[in-house]
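Novice: There's a structure below that I have some questions on.
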Amino acid sequence: MTPRPSPTTTRCGGPSGRSNIRVGVITFPGTLDDRDTQRAVRIAGLEAVPLWHRDKDLKQVDAVVLPGGFSYGDYLRAGAISRFSPVMETVIEQAKGGMPVLGICNGFQVLTETHLLPGAMLRNNHLHFICRDQKLRVENANTAWTADYEAGQEISVPLKNIDGRYVADERTLDELEAEGRVAFRYLDGNPNGSLRDIAGITNAAGNVVGLMPHPEHAVEPLVGTGRTDGLGFFTSLLKKLVNA
Amino acid sequence: MTLDTVKHANETPDVDQPWAELGLKQDEYERIRAILGRRPTGAELAMYSVMWSEHCSYKSSKVHLRQFGEKAPKNDALLVGIGENAGVVDVGQGYAVTFKVESHNHPSYIEPYQGAATGVGGIVRDILAMGARPVAVMDPLRFGAADHPDTKRVLPGVVAGIGGYGNCLGLPNIGGEVVFDSCYQGNPLVNALCVGVMKHEDIHLAKASGAGNKVILYGARTGGDGIGGVSVLASETFDDSKPTKRPAVQVGDPFQEKLLIECTLEIFREDLVDGIQDLGGAGLSCATSELASAGSGGMRVELDRVHLRDATLSPEEILMSESQERMCAIVEPGKVDRFLEICEKWDVIATVIGEVTDGERLEIFWHGEQIVDVPPRTVAHEGPVYERPYARPDWQDALQADDANKLARPETPEELRAQVLKVISSPNQASKSWITGQYDRFVQGNTVLAQPEDSGMVRVDEDTNLGVAVATDGNGRYAKLDPYAGAQLALAESYRNVAATGARPLAISNCLNFGSPEDPAVMWQFAEATRGLADGCLALGTPVTGGNVSLYNQTGETAIHPTPVVAVLGVIDDVNRRTPMAFSDEGHLLYLLGDTKEELGGSAWSQVIHDHLGGLPPAVDLDREKLLGEILISASRDGMVDAAHDLSDGGLIQALVESCLRGGKGARIVVPDGVDPFVLLFSESAGRAIVAVPRSEELRFTDMCGARGLPATRIGVVDGEEIDVQGQFSLPLAELRAAHEATIPALLA
């Protein structure tokens with residue numbers, strides 16, 4: 001893909017100016033952070049394309065974000081029902097073909113339900129919803145969504161969930177560690193009892209990434225925690241998709 | 001059982017009816033018979049009983065609430081006033097903001113999780129019904145003593161319910177209050193506020209007009225929950241001798257409400273509704289009668305078309321059910337198909353249950369037989385009005401004579417230091433982050449300020465950075481000492497909190513929590529508080545846009561402290577100009593604005609150190625509050641201050657501790673000559689704030705204060721890692737943080 005500067009610059013023109021990269025943002029019933037994610041995508045200089053859970057058509061997007069929220073009310077189990085939405089059929093198929101997919105919070109839970117990513121999220125060990133600014137270490141800076149960070153870089157982004165405790169069997173955890181697939185780890189205190197302080201992981205190819213904290217809430221100095229540490233998730237796409 | 005039709009009621013005038021069990025008084029029942037010229041049917045009796053309840057009809061409070069209209073300051077910003085689902089205020093740039101605070105006190109005591117959850121759900125639907133997208137919520141909460149075992153049952157449930165429901169709706173929770181006092185034991189106050197934003201042209205009203213227009217009920221199915229919530233639960237005093245009222249509490253489904261919000265906003269975008277009303281207290285009885293009463297013409301409803309969770313529900317139960325997540329819309333026939341299509345898109349059940357008629361009656365049918373035939377105004381808007389007797393209680397003089405200024409004070413710097421630590425770590429003064437950390441404050445990506453800041457602030461427009469700020473405040477201790485002043489102090493504090501963040505106060509909403517109106521002493525408190533609030537709003541130029549009255553907050557003979565809670569809404573042209581509370585830069589000068597007098601009545605110090613409540617609350621000077629507000633807003637707009645924090649309960653030391661901990665910086669305080677350090681630190685004089693001024697702005701700032709006549713006293717500087725009150729004591733930030741933050745988790749986690 002060749003980068004092509006947009007003829008019009010908008011207020012949301014990001015660090016690299018506008019690109020023609022189209023990022024789909026899925027809305028399931030009960031999704032909450034879809035509009036926030038679209039805004040983050042625009043601020044990064046990319047085009048946000050709303051996608052609807054009942055549509056199999058991904059509208060020729062270059063990447064997809066599954067945003068946070070409580071899709072289907074988290075009934076049965078977080079992400080368990082959304083995983084069967086028509087849109088997910090296409091997402092699973094294209095993810096296997098290499099399309100970048102990012103699952104944030106509830107989106108991460110959906111990705112584990114699809115088995116695009118291993119493991120599962122259980123209720124936080126303290127049993128409460130927790131909302132706080134969370135420090136993370138970027139462990140893998142080679143994925144489609146982390147290429148704009150340095151390996152080992154420390155960032156702070158908001159965390160907000162009640163079912164955020166990452167678990168997997170020992171063999172899977174060892175595998176993830178060995179293959180460098182632990183993408184983010186919690187620093188300064190594990191907020192929910194996640195095994196091995198895991199905050200997010202990637203698939204082996206590096207195109208599918210899921211994490212519990214919310215980078216889309218850390219893209220503007222004016223709102224949220226006042227940090228922009230999360231912007232790199234979206235600008236990473238520029239690096240990966242444009243240079244690929 | 002035979003169906004009690006209108007025909008049957010005509011034929012059987014002498015049937016015994018359960019009016020007393022439904023919460024009606026004898027004379028009210030007689031009045032219903034007089035209005036109808038016959039006995040009511042069972043369905044009609046059900047409707048009148050819920051709509052004439054204290055909660056829905058405001059029958060005891062109405063005569064006092066009229067002052068909010070009569071004394072309303074002239075204010076061009078008010079677009080929709082009292083009487084609709086919520087008031088609407090013009091905030092400029094074509095935007096309108098609607099906000100309201102409501103109570104869900106009784107249900108939250110009986111069933112804390114669902115009571116608090118559905119309190120959030122109800123106020124959110126009120127805001128939605130005005131045509132607005134809900135953008136933030138807040139929860140002013142009051143519980144019994146922090147160490148009482150029942151507080152450990154009620155509080156975690158309430159907090160989980162607010163979080164469980166609000167977080168799932170995607171609404172940032174940006175502020176509120178948590179107060180403990182044994183007077184709320186058995187009668188916790190769970191108030192909920194919601195703010196919504198729309199364009200002027202999107203304002204919708206609750207009225208049914210246009211004969212032939214369809215009445216559509218949409219949202220959740222109707223179940224057997226919450227029957228009599230407003231009448232037998234919210235409008236009576238708790239009494240241990242009666243069976244539990246848990247079935248009168250509604251059960252919420254936030255996922256359904258989220259779908260309802262998005263579905264309704266899409267319906268608004270396509271301009272498909274003529275009138276709209278949410279279903280809350282009194283359910284379908286309220287929605288149908290209010291819509292019909294406010295519009296032109298009558299309404300005909302086929303009640304058997306309502307989708308039910310439980311097919312065995314009787315028509316009376318369907319009319320009284322307070323099942324959540326339901327709305328009622330009036331739609332032109334040509335727009336019905338598109339309306340239903342959008343509902344289907346969002347998996348929301350929608351049913352045409354009736355239509356607007358050119359008659360004057362509300363008529364309801366059950367499988368073809370008429371069970372209701374009433375003039376809707378008599379149900380919705382012409383309920384009983386009581387002039388309840390009121391009298392200043394005989395204990396008021398003794399309470400006021402018990403002067404807190406005469407309590408024993410610390411005699412040494414060591415004692416003063418120890419009392420500071422004790423006060424700032426007491427449950428009311430301690431950090432509430434264990435509670436607010438369970439609420440999502442980031443969602444929607446527009447949160448500029450959230451708790452523990454003086455007011456919550458959200459961005460309204462991403463391009464212009466227009467924003468709104470809201471604060472809620474109330475102090476039952478002050479109001480107990482003097483209800484008139486107490487209500488004004490709540491207003492003044494909320495006003496000050498909004499101004500401290502740089503926003504210009506525009507209008508207020510209120511939630512008036514009191515004991516039983518049948519007690520003349522309580523009624524006197526209510527009369528005084530409403531008079532104080534109406535006078536205060538006139539003085540400050542902030543009209544009342546709406547609100548809620550919660551009475552019967554008492555167990556047996558013991559009423560809660562009178563607790564008027566005031567929410568002030570402000571506007572800020574550019575949220576970049578907001579003033580936070582944190583002291584973040586060393587070297588900034590600390591100025592105390594306003595006058596500090598010896599005022600300890602009702603103070604946090606008197607409560608924590610002496611377990612005392614007596615004397616008079618701090619004096620009110622609303623002209624001073626207005627001036628202080630203007631100074632804080634100007635300073636914010638012109639970049640003269642780096643931080644500001646209002647002074648209220650806990651006094652100066654409380655504000656210093658909070659601002660220092662928030663910014664991670666200490667402060668060196670110099671007690672001015674001739675000032676008693678104890679009074680400086682603990683007095684709760686109103687009309688004060690502390691600001692951090694960069695040295696480069698000092699002259700400009702002090703000139704402004706001098707020119708406008710606001711006392712500004714330089715009392716120190718942001719510096720180091722401790723609060724050092726020179727010549728008295730110093731307290732390292734680490735020690736302060738440990739004391740301030742450990743209390744609530746230790747009691748409740």
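If you're wondering about the labels, chains in the structure tokens are A, B, ... by order shown, residues count from 1 in each chain, ligands from 1 in order shown.
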May I have all residues of segment 137-221 of chain A that DSSP, computed from the backbone, assigns to alpha helix (DSSP H), given as a list of chain:residue names?
Specialist: A:Glu170, A:Arg171, A:Thr172, A:Leu173, A:Asp174, A:Glu175, A:Leu176, A:Glu177, A:Ala178
Novice: Please, which residues of chain A lie no more than 7 Å from chain B when the count uses only C-alpha atoms, and can they be set out as an MDAnalysis selection string?
Specialist: chainID A and resid 29:30 32:33 36 69:70 72:73 128:132 160 217 222:224
Novice: Could those residues be written to a file, using N, CA and C atoms, as a PDB file, in the first residue's frame?
Specialist:
```
ATOM      1  N   PRO A  29     -24.316  -4.856  20.079  1.00  0.00           N
ATOM      2  CA  PRO A  29     -25.265  -4.325  21.058  1.00  0.00           C
ATOM      3  C   PRO A  29     -24.586  -4.314  22.436  1.00  0.00           C
ATOM      4  N   GLY A  30     -24.509  -3.138  23.044  1.00  0.00           N
ATOM      5  CA  GLY A  30     -23.854  -3.046  24.347  1.00  0.00           C
ATOM      6  C   GLY A  30     -22.416  -2.572  24.282  1.00  0.00           C
ATOM      7  N   LEU A  32     -19.585   0.098  24.178  1.00  0.00           N
ATOM      8  CA  LEU A  32     -19.596   1.445  24.769  1.00  0.00           C
ATOM      9  C   LEU A  32     -18.545   2.375  24.184  1.00  0.00           C
ATOM     10  N   ASP A  33     -17.384   1.839  23.852  1.00  0.00           N
ATOM     11  CA  ASP A  33     -16.267   2.704  23.502  1.00  0.00           C
ATOM     12  C   ASP A  33     -16.081   2.824  21.993  1.00  0.00           C
ATOM     13  N   ASP A  36     -15.514   6.527  20.975  1.00  0.00           N
ATOM     14  CA  ASP A  36     -14.197   6.944  21.475  1.00  0.00           C
ATOM     15  C   ASP A  36     -13.093   6.368  20.595  1.00  0.00           C
ATOM     16  N   GLY A  69     -16.673  -2.400  26.216  1.00  0.00           N
ATOM     17  CA  GLY A  69     -18.082  -2.281  26.541  1.00  0.00           C
ATOM     18  C   GLY A  69     -18.590  -3.542  27.206  1.00  0.00           C
ATOM     19  N   PHE A  70     -19.890  -3.716  27.140  1.00  0.00           N
ATOM     20  CA  PHE A  70     -20.512  -4.914  27.690  1.00  0.00           C
ATOM     21  C   PHE A  70     -21.406  -5.493  26.599  1.00  0.00           C
ATOM     22  N   TYR A  72     -23.777  -7.539  24.503  1.00  0.00           N
ATOM     23  CA  TYR A  72     -24.834  -8.443  24.971  1.00  0.00           C
ATOM     24  C   TYR A  72     -24.869  -8.493  26.489  1.00  0.00           C
ATOM     25  N   GLY A  73     -24.552  -7.362  27.119  1.00  0.00           N
ATOM     26  CA  GLY A  73     -24.643  -7.270  28.566  1.00  0.00           C
ATOM     27  C   GLY A  73     -23.675  -8.177  29.309  1.00  0.00           C
ATOM     28  N   HIS A 128     -14.305  -6.439  42.424  1.00  0.00           N
ATOM     29  CA  HIS A 128     -14.886  -5.131  42.143  1.00  0.00           C
ATOM     30  C   HIS A 128     -14.536  -4.656  40.744  1.00  0.00           C
ATOM     31  N   PHE A 129     -15.393  -3.782  40.216  1.00  0.00           N
ATOM     32  CA  PHE A 129     -15.025  -3.019  39.026  1.00  0.00           C
ATOM     33  C   PHE A 129     -13.870  -2.115  39.442  1.00  0.00           C
ATOM     34  N   ILE A 130     -12.909  -1.931  38.566  1.00  0.00           N
ATOM     35  CA  ILE A 130     -11.790  -1.046  38.902  1.00  0.00           C
ATOM     36  C   ILE A 130     -11.551  -0.094  37.739  1.00  0.00           C
ATOM     37  N   CYS A 131     -11.424   1.196  38.077  1.00  0.00           N
ATOM     38  CA  CYS A 131     -11.161   2.218  37.068  1.00  0.00           C
ATOM     39  C   CYS A 131      -9.976   3.029  37.550  1.00  0.00           C
ATOM     40  N   ARG A 132      -8.862   2.945  36.845  1.00  0.00           N
ATOM     41  CA  ARG A 132      -7.677   3.707  37.263  1.00  0.00           C
ATOM     42  C   ARG A 132      -6.692   3.861  36.115  1.00  0.00           C
ATOM     43  N   LYS A 160     -10.280  -0.205  33.055  1.00  0.00           N
ATOM     44  CA  LYS A 160     -11.630  -0.151  33.642  1.00  0.00           C
ATOM     45  C   LYS A 160     -12.385  -1.407  33.278  1.00  0.00           C
ATOM     46  N   HIS A 217      -8.514   5.724  25.320  1.00  0.00           N
ATOM     47  CA  HIS A 217      -8.817   6.778  26.290  1.00  0.00           C
ATOM     48  C   HIS A 217      -7.574   7.591  26.659  1.00  0.00           C
ATOM     49  N   LEU A 222      -6.175  16.759  26.787  1.00  0.00           N
ATOM     50  CA  LEU A 222      -7.225  17.515  27.454  1.00  0.00           C
ATOM     51  C   LEU A 222      -8.160  16.655  28.290  1.00  0.00           C
ATOM     52  N   VAL A 223      -8.387  15.417  27.885  1.00  0.00           N
ATOM     53  CA  VAL A 223      -9.405  14.602  28.545  1.00  0.00           C
ATOM     54  C   VAL A 223      -8.790  13.339  29.139  1.00  0.00           C
ATOM     55  N   GLY A 224      -9.590  12.633  29.917  1.00  0.00           N
ATOM     56  CA  GLY A 224      -9.130  11.387  30.524  1.00  0.00           C
ATOM     57  C   GLY A 224      -8.029  11.660  31.521  1.00  0.00           C
TER      58      GLY A 224
END
```
Novice: Which of these, B:Gly42, B:Gly536, B:Gly368, B:Gly651, has the shortest distance to Ala72 of chain B once you count only C-alpha atoms?
Specialist: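 Answer, going by the shortest atom-to-atom distance: B:Gly536.
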Novice: For Thr41 of chain B, find every residue with an atom within 10 Å (counting only C-alpha atoms), except residues of its own chain fewer than 2 positions away, and show them as a list in words.
Specialist: Leu3, Asp4, Thr5, Val6, Lys7, His8, Ala9, Asn10, Thr12, Pro13, Gln17, Arg38, Arg39, Ala43, Glu44, Leu45, Ala46, Met47, Glu316, Gln370, Ile371, Val372 and Asp373 of chain B
Novice: Hey, what's within 8 Å of Leu231 of chain A if we count only C-alpha atoms and toss same-chain stuff fewer than 6 positions away? As number ranges by chain, please?
Specialist: A: 40, 44, 215-216, 218-219
Novice: When DSSP works through the backbone of this structure, what residues of segment 77-257 of chain B end up as strand (DSSP E or B), shown as a count of residues only?
Specialist: 58
Novice: Pick out the residues sitting within 7 Å of His53 of chain A, and hand them over as a PyMOL selection string; count only C-alpha atoms, and ignore anything fewer than 3 positions along from it in its own chain.
Specialist: chain A and resi 26-28+85-87
Novice: Interatomic distance between atom CA of Ala168 of chain A and atom CA of Thr146 of chain A?
Specialist: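 Taking atom CA of Ala168 of chain A as the start and atom CA of Thr146 of chain A as the end point, the length is 22.7 Å.
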Novice: Just want the 8 Å neighbourhood of segment 75-79 of chain B, counted on only C-alpha atoms, with same-chain residues fewer than 2 positions away dropped. Output as a PyMOL selection string.
Specialist: chain B and resi 73+81+87-91+506-507+541-543+545
Novice: Would you kindly return, as a ChimeraX atom specification, each protein, DNA or RNA residue with an atom no farther than 9 Å from any atom of Leu195 of chain A, considering only C-alpha atoms and excluding same-chain residues fewer than 5 positions away?
Specialist: /A:165-168,173
Novice: Which is closer to Glu150 of chain A than all the others in A:Ala183, A:Leu66, A:Ala120, A:Val101, using only C-alpha atoms?
Specialist: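 Using only C-alpha atoms, the shortest distance to Glu150 of chain A belongs to A:Ala183.
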Novice: Which is closer to Leu533 of chain B than all the others in B:Ser550, B:Gly295, B:Ala742, B:Ala485, using only C-alpha atoms?
Specialist: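 Smallest separation from Leu533 of chain B among the options: B:Ala485.
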Novice: Kindly indicate which residue among A:Gly107, A:Thr31, A:Gly152, A:Asp188 lies nearest to Trp52 of chain A, using only C-alpha atoms for the distances.
Specialist: A:Thr31
Novice: Please indicate the distance in Å from atom CA of Pro118 of chain A to atom CA of Val208 of chain A, rounded to one decimal place.
Specialist: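 That distance, rounded to one decimal, is 11.2 Å.
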Novice: So what do you get for atom CA of Thr114 of chain A versus atom CA of Gly230 of chain A, distance-wise?
Specialist: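 Those two atoms sit 25.0 Å apart.
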